[in-house]
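Structure below is my_file.cif: mmCIF, C-alpha atoms; chains and numbers go by the auth columns.
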data_start
#
loop_
_atom_site.group_PDB
_atom_site.id
_atom_site.type_symbol
_atom_site.label_atom_id
_atom_site.label_comp_id
_atom_site.label_asym_id
_atom_site.label_seq_id
_atom_site.Cartn_x
_atom_site.Cartn_y
_atom_site.Cartn_z
_atom_site.B_iso_or_equiv
_atom_site.auth_seq_id
_atom_site.auth_asym_id
ATOM 1 C CA MET A 1 7.088 -11.971 -52.134 0.00 139 A
ATOM 2 C CA GLU A 2 3.483 -13.033 -52.595 0.00 140 A
ATOM 3 C CA ASN A 3 3.616 -16.506 -51.045 0.00 141 A
ATOM 4 C CA PRO A 4 4.157 -17.217 -47.348 0.00 142 A
ATOM 5 C CA VAL A 5 7.439 -18.824 -46.303 0.00 143 A
ATOM 6 C CA LEU A 6 8.300 -21.931 -44.294 0.00 144 A
ATOM 7 C CA ILE A 7 11.509 -21.556 -42.240 0.00 145 A
ATOM 8 C CA PHE A 8 13.753 -24.579 -41.685 0.00 146 A
ATOM 9 C CA GLY A 9 15.392 -24.076 -38.282 0.00 147 A
ATOM 10 C CA ALA A 10 13.909 -22.644 -35.086 0.00 148 A
ATOM 11 C CA GLY A 11 17.111 -21.691 -33.286 0.00 149 A
ATOM 12 C CA ASN A 12 18.611 -18.209 -33.053 0.00 150 A
ATOM 13 C CA LEU A 13 19.109 -17.996 -36.813 0.00 151 A
ATOM 14 C CA GLY A 14 15.544 -19.121 -37.428 0.00 152 A
ATOM 15 C CA LEU A 15 14.252 -16.357 -35.161 0.00 153 A
ATOM 16 C CA THR A 16 16.411 -13.837 -37.015 0.00 154 A
ATOM 17 C CA ALA A 17 14.897 -15.018 -40.303 0.00 155 A
ATOM 18 C CA LEU A 18 11.405 -14.840 -38.806 0.00 156 A
ATOM 19 C CA ASP A 19 12.019 -11.207 -37.841 0.00 157 A
ATOM 20 C CA LEU A 20 13.443 -10.349 -41.276 0.00 158 A
ATOM 21 C CA PHE A 21 10.440 -11.746 -43.134 0.00 159 A
ATOM 22 C CA GLN A 22 7.904 -10.164 -40.790 0.00 160 A
ATOM 23 C CA ARG A 23 9.604 -6.764 -41.072 0.00 161 A
ATOM 24 C CA ASN A 24 9.158 -7.111 -44.848 0.00 162 A
ATOM 25 C CA ASN A 25 5.463 -8.006 -44.426 0.00 163 A
ATOM 26 C CA VAL A 26 6.006 -11.591 -45.564 0.00 164 A
ATOM 27 C CA VAL A 27 3.723 -14.127 -43.892 0.00 165 A
ATOM 28 C CA VAL A 28 5.641 -16.937 -42.164 0.00 166 A
ATOM 29 C CA TYR A 29 3.655 -20.174 -42.390 0.00 167 A
ATOM 30 C CA GLY A 30 5.687 -21.791 -39.607 0.00 168 A
ATOM 31 C CA LEU A 31 9.064 -23.165 -38.582 0.00 169 A
ATOM 32 C CA LEU A 32 10.427 -26.717 -38.802 0.00 170 A
ATOM 33 C CA ASP A 33 13.159 -28.098 -36.555 0.00 171 A
ATOM 34 C CA ASP A 34 14.514 -31.561 -35.760 0.00 172 A
ATOM 35 C CA ASP A 35 14.648 -30.744 -32.034 0.00 173 A
ATOM 36 C CA LYS A 36 11.385 -32.278 -30.870 0.00 174 A
ATOM 37 C CA SER A 37 11.464 -30.288 -27.630 0.00 175 A
ATOM 38 C CA LEU A 38 10.758 -27.176 -29.717 0.00 176 A
ATOM 39 C CA HIS A 39 7.693 -28.615 -31.449 0.00 177 A
ATOM 40 C CA GLY A 40 4.577 -26.645 -30.526 0.00 178 A
ATOM 41 C CA THR A 41 6.610 -23.646 -29.347 0.00 179 A
ATOM 42 C CA GLU A 42 5.092 -20.358 -30.458 0.00 180 A
ATOM 43 C CA PHE A 43 6.917 -17.167 -31.378 0.00 181 A
ATOM 44 C CA GLY A 44 4.155 -14.598 -31.501 0.00 182 A
ATOM 45 C CA ASP A 45 1.620 -16.160 -33.850 0.00 183 A
ATOM 46 C CA VAL A 46 4.134 -18.472 -35.563 0.00 184 A
ATOM 47 C CA SER A 47 4.611 -22.064 -34.363 0.00 185 A
ATOM 48 C CA VAL A 48 7.285 -24.754 -34.658 0.00 186 A
ATOM 49 C CA LEU A 49 5.251 -27.272 -36.629 0.00 187 A
ATOM 50 C CA GLY A 50 7.433 -30.373 -36.865 0.00 188 A
ATOM 51 C CA GLU A 51 10.652 -31.857 -38.234 0.00 189 A
ATOM 52 C CA THR A 52 12.506 -30.631 -41.312 0.00 190 A
ATOM 53 C CA ASP A 53 11.674 -33.753 -43.372 0.00 191 A
ATOM 54 C CA ASP A 54 7.963 -33.852 -42.484 0.00 192 A
ATOM 55 C CA ASP A 55 6.200 -34.595 -45.781 0.00 193 A
ATOM 56 C CA GLY A 56 2.973 -33.183 -44.411 0.00 194 A
ATOM 57 C CA PHE A 57 4.505 -29.722 -44.503 0.00 195 A
ATOM 58 C CA LEU A 58 7.068 -30.205 -47.275 0.00 196 A
ATOM 59 C CA LYS A 59 4.285 -30.847 -49.772 0.00 197 A
ATOM 60 C CA PHE A 60 3.290 -27.173 -49.558 0.00 198 A
ATOM 61 C CA VAL A 61 6.750 -25.919 -50.558 0.00 199 A
ATOM 62 C CA GLY A 62 6.819 -24.817 -54.168 0.00 200 A
ATOM 63 C CA GLN A 63 3.028 -24.863 -54.468 0.00 201 A
ATOM 64 C CA LYS A 64 1.633 -22.746 -51.673 0.00 202 A
ATOM 65 C CA CYS A 65 4.731 -21.427 -49.919 0.00 203 A
ATOM 66 C CA GLU A 66 8.432 -20.629 -50.277 0.00 204 A
ATOM 67 C CA ALA A 67 11.269 -22.083 -48.171 0.00 205 A
ATOM 68 C CA PHE A 68 14.170 -20.582 -46.254 0.00 206 A
ATOM 69 C CA VAL A 69 16.929 -22.586 -44.502 0.00 207 A
ATOM 70 C CA ALA A 70 18.052 -20.891 -41.275 0.00 208 A
ATOM 71 C CA ILE A 71 20.638 -23.359 -39.940 0.00 209 A
ATOM 72 C CA ALA A 72 24.059 -22.117 -38.802 0.00 210 A
ATOM 73 C CA ASP A 73 25.828 -25.455 -39.403 0.00 211 A
ATOM 74 C CA GLY A 74 26.884 -25.290 -43.056 0.00 212 A
ATOM 75 C CA ARG A 75 26.766 -29.068 -43.510 0.00 213 A
ATOM 76 C CA VAL A 76 23.184 -29.290 -42.300 0.00 214 A
ATOM 77 C CA ARG A 77 22.237 -26.222 -44.346 0.00 215 A
ATOM 78 C CA LYS A 78 23.680 -27.870 -47.455 0.00 216 A
ATOM 79 C CA ARG A 79 21.822 -31.124 -46.770 0.00 217 A
ATOM 80 C CA LEU A 80 18.483 -29.339 -46.391 0.00 218 A
ATOM 81 C CA VAL A 81 19.033 -27.248 -49.521 0.00 219 A
ATOM 82 C CA LYS A 82 19.814 -30.431 -51.461 0.00 220 A
ATOM 83 C CA MET A 83 16.644 -32.025 -50.119 0.00 221 A
ATOM 84 C CA LEU A 84 14.545 -29.030 -51.211 0.00 222 A
ATOM 85 C CA ASN A 85 16.209 -29.017 -54.644 0.00 223 A
ATOM 86 C CA GLU A 86 15.629 -32.728 -55.200 0.00 224 A
ATOM 87 C CA ARG A 87 12.300 -33.413 -53.501 0.00 225 A
ATOM 88 C CA ARG A 88 10.484 -30.127 -54.095 0.00 226 A
ATOM 89 C CA LYS A 89 12.414 -28.760 -57.114 0.00 227 A
ATOM 90 C CA VAL A 90 12.757 -25.346 -55.443 0.00 228 A
ATOM 91 C CA GLN A 91 15.494 -22.954 -54.358 0.00 229 A
ATOM 92 C CA PRO A 92 15.200 -21.227 -50.972 0.00 230 A
ATOM 93 C CA VAL A 93 14.441 -17.497 -51.142 0.00 231 A
ATOM 94 C CA ASN A 94 16.625 -14.677 -49.812 0.00 232 A
ATOM 95 C CA ALA A 95 15.918 -13.094 -46.412 0.00 233 A
ATOM 96 C CA ILE A 96 17.114 -9.483 -46.412 0.00 234 A
ATOM 97 C CA HIS A 97 16.611 -7.117 -43.475 0.00 235 A
ATOM 98 C CA ASP A 98 14.875 -3.867 -44.327 0.00 236 A
ATOM 99 C CA THR A 99 17.851 -1.850 -42.999 0.00 237 A
ATOM 100 C CA ALA A 100 20.426 -3.766 -45.064 0.00 238 A
ATOM 101 C CA VAL A 101 21.844 -1.942 -48.102 0.00 239 A
ATOM 102 C CA VAL A 102 22.345 -4.149 -51.160 0.00 240 A
ATOM 103 C CA SER A 103 23.514 -2.358 -54.285 0.00 241 A
ATOM 104 C CA ALA A 104 21.459 -2.881 -57.419 0.00 242 A
ATOM 105 C CA MET A 105 24.826 -3.505 -59.099 0.00 243 A
ATOM 106 C CA ALA A 106 25.711 -6.359 -56.726 0.00 244 A
ATOM 107 C CA THR A 107 24.993 -10.004 -57.583 0.00 245 A
ATOM 108 C CA LEU A 108 23.133 -12.292 -55.155 0.00 246 A
ATOM 109 C CA GLY A 109 22.345 -15.977 -55.403 0.00 247 A
ATOM 110 C CA HIS A 110 19.518 -17.803 -53.601 0.00 248 A
ATOM 111 C CA GLY A 111 18.774 -18.531 -49.963 0.00 249 A
ATOM 112 C CA ASN A 112 20.988 -15.873 -48.369 0.00 250 A
ATOM 113 C CA LEU A 113 20.331 -14.283 -44.988 0.00 251 A
ATOM 114 C CA ILE A 114 21.448 -10.645 -44.937 0.00 252 A
ATOM 115 C CA ALA A 115 20.906 -9.195 -41.468 0.00 253 A
ATOM 116 C CA ALA A 116 20.389 -5.679 -40.101 0.00 254 A
ATOM 117 C CA ARG A 117 22.624 -2.875 -41.430 0.00 255 A
ATOM 118 C CA ALA A 118 24.734 -5.197 -43.549 0.00 256 A
ATOM 119 C CA VAL A 119 26.095 -3.590 -46.725 0.00 257 A
ATOM 120 C CA VAL A 120 26.765 -5.257 -50.085 0.00 258 A
ATOM 121 C CA ASN A 121 28.461 -2.709 -52.345 0.00 259 A
ATOM 122 C CA PRO A 122 28.484 -2.365 -56.161 0.00 260 A
ATOM 123 C CA TYR A 123 29.836 -5.292 -58.185 0.00 261 A
ATOM 124 C CA ALA A 124 30.248 -7.446 -55.101 0.00 262 A
ATOM 125 C CA GLU A 125 29.250 -11.062 -55.765 0.00 263 A
ATOM 126 C CA VAL A 126 27.506 -13.164 -53.125 0.00 264 A
ATOM 127 C CA GLY A 127 26.780 -16.824 -53.893 0.00 265 A
ATOM 128 C CA SER A 128 23.895 -18.842 -52.463 0.00 266 A
ATOM 129 C CA HIS A 129 22.898 -19.969 -48.956 0.00 267 A
ATOM 130 C CA CYS A 130 25.244 -17.556 -47.141 0.00 268 A
ATOM 131 C CA ILE A 131 24.765 -16.126 -43.659 0.00 269 A
ATOM 132 C CA ILE A 132 25.737 -12.429 -43.571 0.00 270 A
ATOM 133 C CA GLN A 133 25.219 -11.185 -40.051 0.00 271 A
ATOM 134 C CA ALA A 134 24.425 -7.709 -38.748 0.00 272 A
ATOM 135 C CA GLY A 135 26.715 -4.824 -39.652 0.00 273 A
ATOM 136 C CA THR A 136 28.925 -6.792 -42.044 0.00 274 A
ATOM 137 C CA ILE A 137 30.308 -4.867 -45.031 0.00 275 A
ATOM 138 C CA ILE A 138 31.145 -6.547 -48.334 0.00 276 A
ATOM 139 C CA GLU A 139 33.046 -4.011 -50.394 0.00 277 A
ATOM 140 C CA SER A 140 32.987 -3.503 -54.163 0.00 278 A
ATOM 141 C CA ARG A 141 34.220 -6.402 -56.316 0.00 279 A
ATOM 142 C CA ALA A 142 34.587 -8.772 -53.372 0.00 280 A
ATOM 143 C CA LYS A 143 33.462 -12.341 -54.131 0.00 281 A
ATOM 144 C CA VAL A 144 31.735 -14.521 -51.541 0.00 282 A
ATOM 145 C CA GLY A 145 31.109 -18.173 -52.428 0.00 283 A
ATOM 146 C CA ASP A 146 28.228 -20.474 -51.527 0.00 284 A
ATOM 147 C CA TYR A 147 27.530 -21.493 -47.906 0.00 285 A
ATOM 148 C CA VAL A 148 29.836 -18.825 -46.451 0.00 286 A
ATOM 149 C CA HIS A 149 29.153 -17.543 -42.918 0.00 287 A
ATOM 150 C CA LEU A 150 30.186 -13.952 -42.181 0.00 288 A
ATOM 151 C CA GLY A 151 29.882 -13.065 -38.486 0.00 289 A
ATOM 152 C CA THR A 152 28.580 -9.818 -37.045 0.00 290 A
ATOM 153 C CA GLY A 153 30.537 -6.723 -38.067 0.00 291 A
ATOM 154 C CA CYS A 154 32.967 -8.329 -40.521 0.00 292 A
ATOM 155 C CA LEU A 155 34.736 -6.180 -43.106 0.00 293 A
ATOM 156 C CA ILE A 156 35.323 -7.935 -46.421 0.00 294 A
ATOM 157 C CA ASN A 157 37.455 -5.493 -48.409 0.00 295 A
ATOM 158 C CA SER A 158 37.507 -4.855 -52.155 0.00 296 A
ATOM 159 C CA GLY A 159 38.805 -7.644 -54.349 0.00 297 A
ATOM 160 C CA THR A 160 38.706 -10.227 -51.554 0.00 298 A
ATOM 161 C CA VAL A 161 37.636 -13.781 -52.431 0.00 299 A
ATOM 162 C CA VAL A 162 35.930 -15.874 -49.747 0.00 300 A
ATOM 163 C CA GLU A 163 35.520 -19.407 -51.079 0.00 301 A
ATOM 164 C CA GLU A 164 32.730 -21.914 -50.458 0.00 302 A
ATOM 165 C CA GLY A 165 31.949 -22.891 -46.882 0.00 303 A
ATOM 166 C CA ALA A 166 34.399 -20.503 -45.226 0.00 304 A
ATOM 167 C CA PHE A 167 33.581 -19.091 -41.785 0.00 305 A
ATOM 168 C CA ILE A 168 34.644 -15.551 -40.839 0.00 306 A
ATOM 169 C CA GLY A 169 34.195 -14.757 -37.138 0.00 307 A
ATOM 170 C CA THR A 170 32.685 -11.675 -35.534 0.00 308 A
ATOM 171 C CA GLY A 171 34.502 -8.413 -36.243 0.00 309 A
ATOM 172 C CA ALA A 172 37.186 -9.896 -38.489 0.00 310 A
ATOM 173 C CA THR A 173 38.773 -7.775 -41.215 0.00 311 A
ATOM 174 C CA ILE A 174 39.880 -9.313 -44.501 0.00 312 A
ATOM 175 C CA ILE A 175 42.378 -7.024 -46.268 0.00 313 A
ATOM 176 C CA ALA A 176 41.836 -6.165 -49.955 0.00 314 A
ATOM 177 C CA GLY A 177 42.890 -8.817 -52.440 0.00 315 A
ATOM 178 C CA VAL A 178 43.207 -11.690 -49.948 0.00 316 A
ATOM 179 C CA THR A 179 41.685 -15.120 -50.692 0.00 317 A
ATOM 180 C CA ILE A 180 40.079 -17.177 -47.919 0.00 318 A
ATOM 181 C CA GLY A 181 40.160 -20.803 -49.087 0.00 319 A
ATOM 182 C CA LYS A 182 37.312 -23.285 -49.196 0.00 320 A
ATOM 183 C CA GLY A 183 36.168 -24.334 -45.733 0.00 321 A
ATOM 184 C CA ALA A 184 38.720 -22.117 -43.945 0.00 322 A
ATOM 185 C CA ARG A 185 37.933 -20.517 -40.585 0.00 323 A
ATOM 186 C CA VAL A 186 38.925 -17.027 -39.412 0.00 324 A
ATOM 187 C CA GLY A 187 38.691 -16.314 -35.696 0.00 325 A
ATOM 188 C CA ALA A 188 36.712 -13.416 -34.252 0.00 326 A
ATOM 189 C CA GLY A 189 38.480 -10.041 -34.350 0.00 327 A
ATOM 190 C CA SER A 190 41.261 -11.282 -36.626 0.00 328 A
ATOM 191 C CA VAL A 191 42.945 -9.117 -39.257 0.00 329 A
ATOM 192 C CA VAL A 192 43.818 -11.252 -42.281 0.00 330 A
ATOM 193 C CA VAL A 193 46.644 -9.732 -44.334 0.00 331 A
ATOM 194 C CA GLU A 194 47.584 -12.741 -46.483 0.00 332 A
ATOM 195 C CA SER A 195 45.662 -15.525 -48.191 0.00 333 A
ATOM 196 C CA VAL A 196 44.435 -18.497 -46.145 0.00 334 A
ATOM 197 C CA GLU A 197 44.615 -22.002 -47.613 0.00 335 A
ATOM 198 C CA ALA A 198 41.573 -24.253 -47.866 0.00 336 A
ATOM 199 C CA GLY A 199 40.557 -25.854 -44.581 0.00 337 A
ATOM 200 C CA ALA A 200 42.973 -23.816 -42.450 0.00 338 A
ATOM 201 C CA THR A 201 42.081 -21.980 -39.224 0.00 339 A
ATOM 202 C CA VAL A 202 43.686 -18.608 -38.538 0.00 340 A
ATOM 203 C CA PHE A 203 43.432 -16.173 -35.655 0.00 341 A
ATOM 204 C CA GLY A 204 44.968 -12.925 -34.442 0.00 342 A
ATOM 205 C CA ASN A 205 46.275 -9.576 -35.672 0.00 343 A
ATOM 206 C CA PRO A 206 47.863 -10.266 -38.034 0.00 344 A
ATOM 207 C CA ALA A 207 46.124 -13.627 -38.384 0.00 345 A
ATOM 208 C CA LYS A 208 48.313 -16.708 -38.072 0.00 346 A
ATOM 209 C CA LYS A 209 47.515 -20.364 -38.698 0.00 347 A
ATOM 210 C CA LEU A 210 46.612 -22.399 -35.627 0.00 348 A
#
Translate this structure into structure tokens?
Amino acid sequence: MENPVLIFGAGNLGLTALDLFQRNNVVVYGLLDDDKSLHGTEFGDVSVLGETDDDGFLKFVGQKCEAFVAIADGRVRKRLVKMLNERRKVQPVNAIHDTAVVSAMATLGHGNLIAARAVVNPYAEVGSHCIIQAGTIIESRAKVGDYVHLGTGCLINSGTVVEEGAFIGTGATIIAGVTIGKGARVGAGSVVVESVEAGATVFGNPAKKL
């Protein structure tokens, strides 16, 4: 990536993104966050410059720098992506840790965070604006929709479908061929052996609806 990047979000996810870009020798122009108490905070030589809708900084996106949205809340992430699409006519870039393994035969959308030692295997499909945390494995031919959040150490087995906006907690295992419906939530450490309907929350081994 030739241009520097502006990170939207200065919380834990923003710091993860900052580390990912710096490890890949990408210059980070700064961070934006709506929490005014963070404004002026410095992380090394990178500062929290202002709010996420600050036109003074937004005007650089698409001309002099790229954008990345590092917000854990999927609704806020979606709102900021929409704003960047409409106001700046840009798509956020991917942030991929240098120790992650992404097959050349996998398919990735835009604006994904793929953290340390995550694996995306051949013919897996990952949509856009997903959070794939450290050590997660997405097996061959699994499909992950847009705005999905996969917690640390998840195992998404072959042929699994994880639909838009679903949240899979830390260490959960999704058995091959299962579908996780749109906006569903899977609790940490759960083992999901049957499909989960849209909007449902499941937990346990085997996972049951709450």
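Here the question is which of A:Val240, A:Ile313, A:Ala210, A:Ala345 gets nearest to Leu288 of chain A using all atoms listed in the file, and that residue is A:Ala210.
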With all atoms listed in the file as the counted atoms, please give the residues lying no more than 12 Å from Arg213 of chain A, apart from itself and same-chain residues fewer than 6 positions off, as a count of residues only.
12
Might you pull out every residue within 9 Å of segment 259-263 of chain A, with all atoms listed in the file counted and same-chain residues fewer than 4 positions away left off, and present them as a PyMOL selection string?
chain A and resi 239-247+275-283+296-297
Env of Val184 of chain A: 8 Å cut, atoms = all atoms listed in the file, seq-sep filter 3 positions within chain, self excluded. Answer as a tab-separated table (two decimals) with C-alpha atoms, keeping the file's coordinate frame.
chain	number	residue	atom	x	y	z
A	166	VAL	CA	5.64	-16.94	-42.16
A	167	TYR	CA	3.66	-20.17	-42.39
A	168	GLY	CA	5.69	-21.79	-39.61
A	169	LEU	CA	9.06	-23.16	-38.58
A	180	GLU	CA	5.09	-20.36	-30.46
A	181	PHE	CA	6.92	-17.17	-31.38
Identify, on the basis of all atoms listed in the file, every residue whose closest approach to Arg226 of chain A does not exceed 10 Å; exclude the query and any residue fewer than 3 positions from it along the same chain; express the result as a list in words.
Leu196, Lys197, Phe198, Val199, Gly200, Gln201, Lys220, Met221, Leu222, Asn223 and Gln229 of chain A
Could you tell me, as a list in words, which residues have any atom at most 7 Å from (23.5, -4.8, -45.6), counting all atoms listed in the file?
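Residues with an atom close enough to that point: Thr237, Ala238, Val239, Val240, Ile252, Ala253, Ala254, Arg255, Ala256, Val257, Val258, Gly273, Thr274 and Ile275 of chain A.
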Could you please take those selected residues and save C-alpha atoms as a compact mmCIF listing (two decimals), in the coordinates of the input?
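Dumped to result-v7.txt:
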# COMPACT_ATOMS: atom_id res chain seq x y z
CA THR A 237 17.85 -1.85 -43.00
CA ALA A 238 20.43 -3.77 -45.06
CA VAL A 239 21.84 -1.94 -48.10
CA VAL A 240 22.34 -4.15 -51.16
CA ILE A 252 21.45 -10.64 -44.94
CA ALA A 253 20.91 -9.20 -41.47
CA ALA A 254 20.39 -5.68 -40.10
CA ARG A 255 22.62 -2.88 -41.43
CA ALA A 256 24.73 -5.20 -43.55
CA VAL A 257 26.10 -3.59 -46.72
CA VAL A 258 26.76 -5.26 -50.08
CA GLY A 273 26.72 -4.82 -39.65
CA THR A 274 28.92 -6.79 -42.04
CA ILE A 275 30.31 -4.87 -45.03
Residues within 8 Å of Ala148 of chain A, all atoms listed in the file, excluding chain neighbours under 6 positions, as a PyMOL selection string:
chain A and resi 169-171+176+186+208
Can you translate the PyMOL selection byres ((chain A and resi 162) around 12) into the concrete residues it hits in this file, as a PDB file with C-alpha atoms, keeping the file's coordinate frame?
ATOM      1  CA  MET A 139       7.088 -11.971 -52.134  1.00  0.00           C
ATOM      2  CA  GLU A 140       3.483 -13.033 -52.595  1.00  0.00           C
ATOM      3  CA  PRO A 142       4.157 -17.217 -47.348  1.00  0.00           C
ATOM      4  CA  VAL A 143       7.439 -18.824 -46.303  1.00  0.00           C
ATOM      5  CA  ALA A 155      14.897 -15.018 -40.303  1.00  0.00           C
ATOM      6  CA  LEU A 156      11.405 -14.840 -38.806  1.00  0.00           C
ATOM      7  CA  ASP A 157      12.019 -11.207 -37.841  1.00  0.00           C
ATOM      8  CA  LEU A 158      13.443 -10.349 -41.276  1.00  0.00           C
ATOM      9  CA  PHE A 159      10.440 -11.746 -43.134  1.00  0.00           C
ATOM     10  CA  GLN A 160       7.904 -10.164 -40.790  1.00  0.00           C
ATOM     11  CA  ARG A 161       9.604  -6.764 -41.072  1.00  0.00           C
ATOM     12  CA  ASN A 163       5.463  -8.006 -44.426  1.00  0.00           C
ATOM     13  CA  VAL A 164       6.006 -11.591 -45.564  1.00  0.00           C
ATOM     14  CA  VAL A 165       3.723 -14.127 -43.892  1.00  0.00           C
ATOM     15  CA  VAL A 166       5.641 -16.937 -42.164  1.00  0.00           C
ATOM     16  CA  ASN A 232      16.625 -14.677 -49.812  1.00  0.00           C
ATOM     17  CA  ALA A 233      15.918 -13.094 -46.412  1.00  0.00           C
ATOM     18  CA  ILE A 234      17.114  -9.483 -46.412  1.00  0.00           C
ATOM     19  CA  HIS A 235      16.611  -7.117 -43.475  1.00  0.00           C
ATOM     20  CA  ASP A 236      14.875  -3.867 -44.327  1.00  0.00           C
ATOM     21  CA  THR A 237      17.851  -1.850 -42.999  1.00  0.00           C
ATOM     22  CA  ALA A 238      20.426  -3.766 -45.064  1.00  0.00           C
TER      23      ALA A 238
END
To box segment 338-348 of chain A, take all atoms listed in the file, fit an axis-aligned box, add 8 Å on each side, and give centre and edge lengths in Å to one decimal, as AutoDock Vina command-line options.
--center_x 45.2 --center_y -16.7 --center_z -38.4 --size_x 22.2 --size_y 30.2 --size_z 24.0
Nearest to Phe195 of chain A among A:Leu144, A:Ile294, A:Leu218, A:Leu151, with distances taken over all atoms listed in the file: which residue is it?
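Using all atoms listed in the file, the shortest distance to Phe195 of chain A belongs to A:Leu144.
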Would you mind telling me which residue in A:Asn250, A:Thr290, A:Thr154, A:Asn343 lies nearest to Ala272 of chain A when using all atoms listed in the file?
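With all atoms listed in the file as the atom set, the closest residue is A:Thr290.
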Hits of the PyMOL selection byres ((chain A and resi 330-337) around 9) in this structure, as a PyMOL selection string:
chain A and resi 301+304+310-324+328-329+338-347
Between atom CA of Gly194 of chain A and atom CA of Ser175 of chain A, what is the distance in Å, rounded to a tenth?
19.0 Å
Please compute the atom CA of Leu187 of chain A-atom CA of Ile269 of chain A distance, one decimal, in Å.
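Computing it gives 23.5 Å between the two atoms.
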Nearest residue to Glu204 of chain A out of A:Pro230, A:Gly147, A:Gly307, A:Gly265, using only C-alpha atoms?
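Checking each candidate against Glu204 of chain A, we get A:Pro230 as the closest.
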Shortest interatomic distance to Asp192 of chain A - which of A:Leu251, A:Gly152, A:Val214, A:Arg225, counting all atoms listed in the file:
A:Arg225
So what do you get for atom CA of Cys268 of chain A versus atom CA of Arg215 of chain A, distance-wise?
9.6 Å
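Remark: for Gly291 of chain A, the closest of the candidate residues A:Gly149, A:Gly309, A:Gly182, A:Gly212 is A:Gly309 (distances computed over all atoms listed in the file).
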Output file: segment 328-340 of chain A, N, CA and C atoms, as a PDB file, in the first residue's frame:
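New file decode12.pdb:
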ATOM      1  N   SER A 328     -18.475 -22.200  22.637  1.00  0.00           N
ATOM      2  CA  SER A 328     -19.573 -23.068  22.216  1.00  0.00           C
ATOM      3  C   SER A 328     -19.144 -23.989  21.077  1.00  0.00           C
ATOM      4  N   VAL A 329     -19.834 -25.127  20.983  1.00  0.00           N
ATOM      5  CA  VAL A 329     -19.661 -26.050  19.862  1.00  0.00           C
ATOM      6  C   VAL A 329     -21.015 -26.133  19.165  1.00  0.00           C
ATOM      7  N   VAL A 330     -21.081 -25.596  17.946  1.00  0.00           N
ATOM      8  CA  VAL A 330     -22.349 -25.502  17.228  1.00  0.00           C
ATOM      9  C   VAL A 330     -22.455 -26.681  16.257  1.00  0.00           C
ATOM     10  N   VAL A 331     -23.425 -27.552  16.496  1.00  0.00           N
ATOM     11  CA  VAL A 331     -23.558 -28.785  15.717  1.00  0.00           C
ATOM     12  C   VAL A 331     -24.772 -28.753  14.789  1.00  0.00           C
ATOM     13  N   GLU A 332     -25.601 -27.716  14.913  1.00  0.00           N
ATOM     14  CA  GLU A 332     -26.749 -27.583  14.006  1.00  0.00           C
ATOM     15  C   GLU A 332     -26.959 -26.111  13.688  1.00  0.00           C
ATOM     16  N   SER A 333     -27.621 -25.833  12.597  1.00  0.00           N
ATOM     17  CA  SER A 333     -27.768 -24.460  12.115  1.00  0.00           C
ATOM     18  C   SER A 333     -28.487 -23.573  13.132  1.00  0.00           C
ATOM     19  N   VAL A 334     -28.133 -22.291  13.115  1.00  0.00           N
ATOM     20  CA  VAL A 334     -28.676 -21.301  14.044  1.00  0.00           C
ATOM     21  C   VAL A 334     -29.479 -20.292  13.235  1.00  0.00           C
ATOM     22  N   GLU A 335     -30.720 -20.053  13.629  1.00  0.00           N
ATOM     23  CA  GLU A 335     -31.579 -19.142  12.871  1.00  0.00           C
ATOM     24  C   GLU A 335     -31.140 -17.698  13.049  1.00  0.00           C
ATOM     25  N   ALA A 336     -31.540 -16.858  12.109  1.00  0.00           N
ATOM     26  CA  ALA A 336     -31.186 -15.443  12.133  1.00  0.00           C
ATOM     27  C   ALA A 336     -31.610 -14.793  13.447  1.00  0.00           C
ATOM     28  N   GLY A 337     -30.719 -14.017  14.021  1.00  0.00           N
ATOM     29  CA  GLY A 337     -31.021 -13.257  15.228  1.00  0.00           C
ATOM     30  C   GLY A 337     -30.985 -14.027  16.528  1.00  0.00           C
ATOM     31  N   ALA A 338     -30.780 -15.342  16.467  1.00  0.00           N
ATOM     32  CA  ALA A 338     -30.787 -16.165  17.682  1.00  0.00           C
ATOM     33  C   ALA A 338     -29.449 -16.067  18.414  1.00  0.00           C
ATOM     34  N   THR A 339     -29.474 -16.370  19.722  1.00  0.00           N
ATOM     35  CA  THR A 339     -28.261 -16.469  20.529  1.00  0.00           C
ATOM     36  C   THR A 339     -28.155 -17.886  21.057  1.00  0.00           C
ATOM     37  N   VAL A 340     -27.009 -18.516  20.846  1.00  0.00           N
ATOM     38  CA  VAL A 340     -26.803 -19.885  21.320  1.00  0.00           C
ATOM     39  C   VAL A 340     -25.534 -19.947  22.154  1.00  0.00           C
TER      40      VAL A 340
END
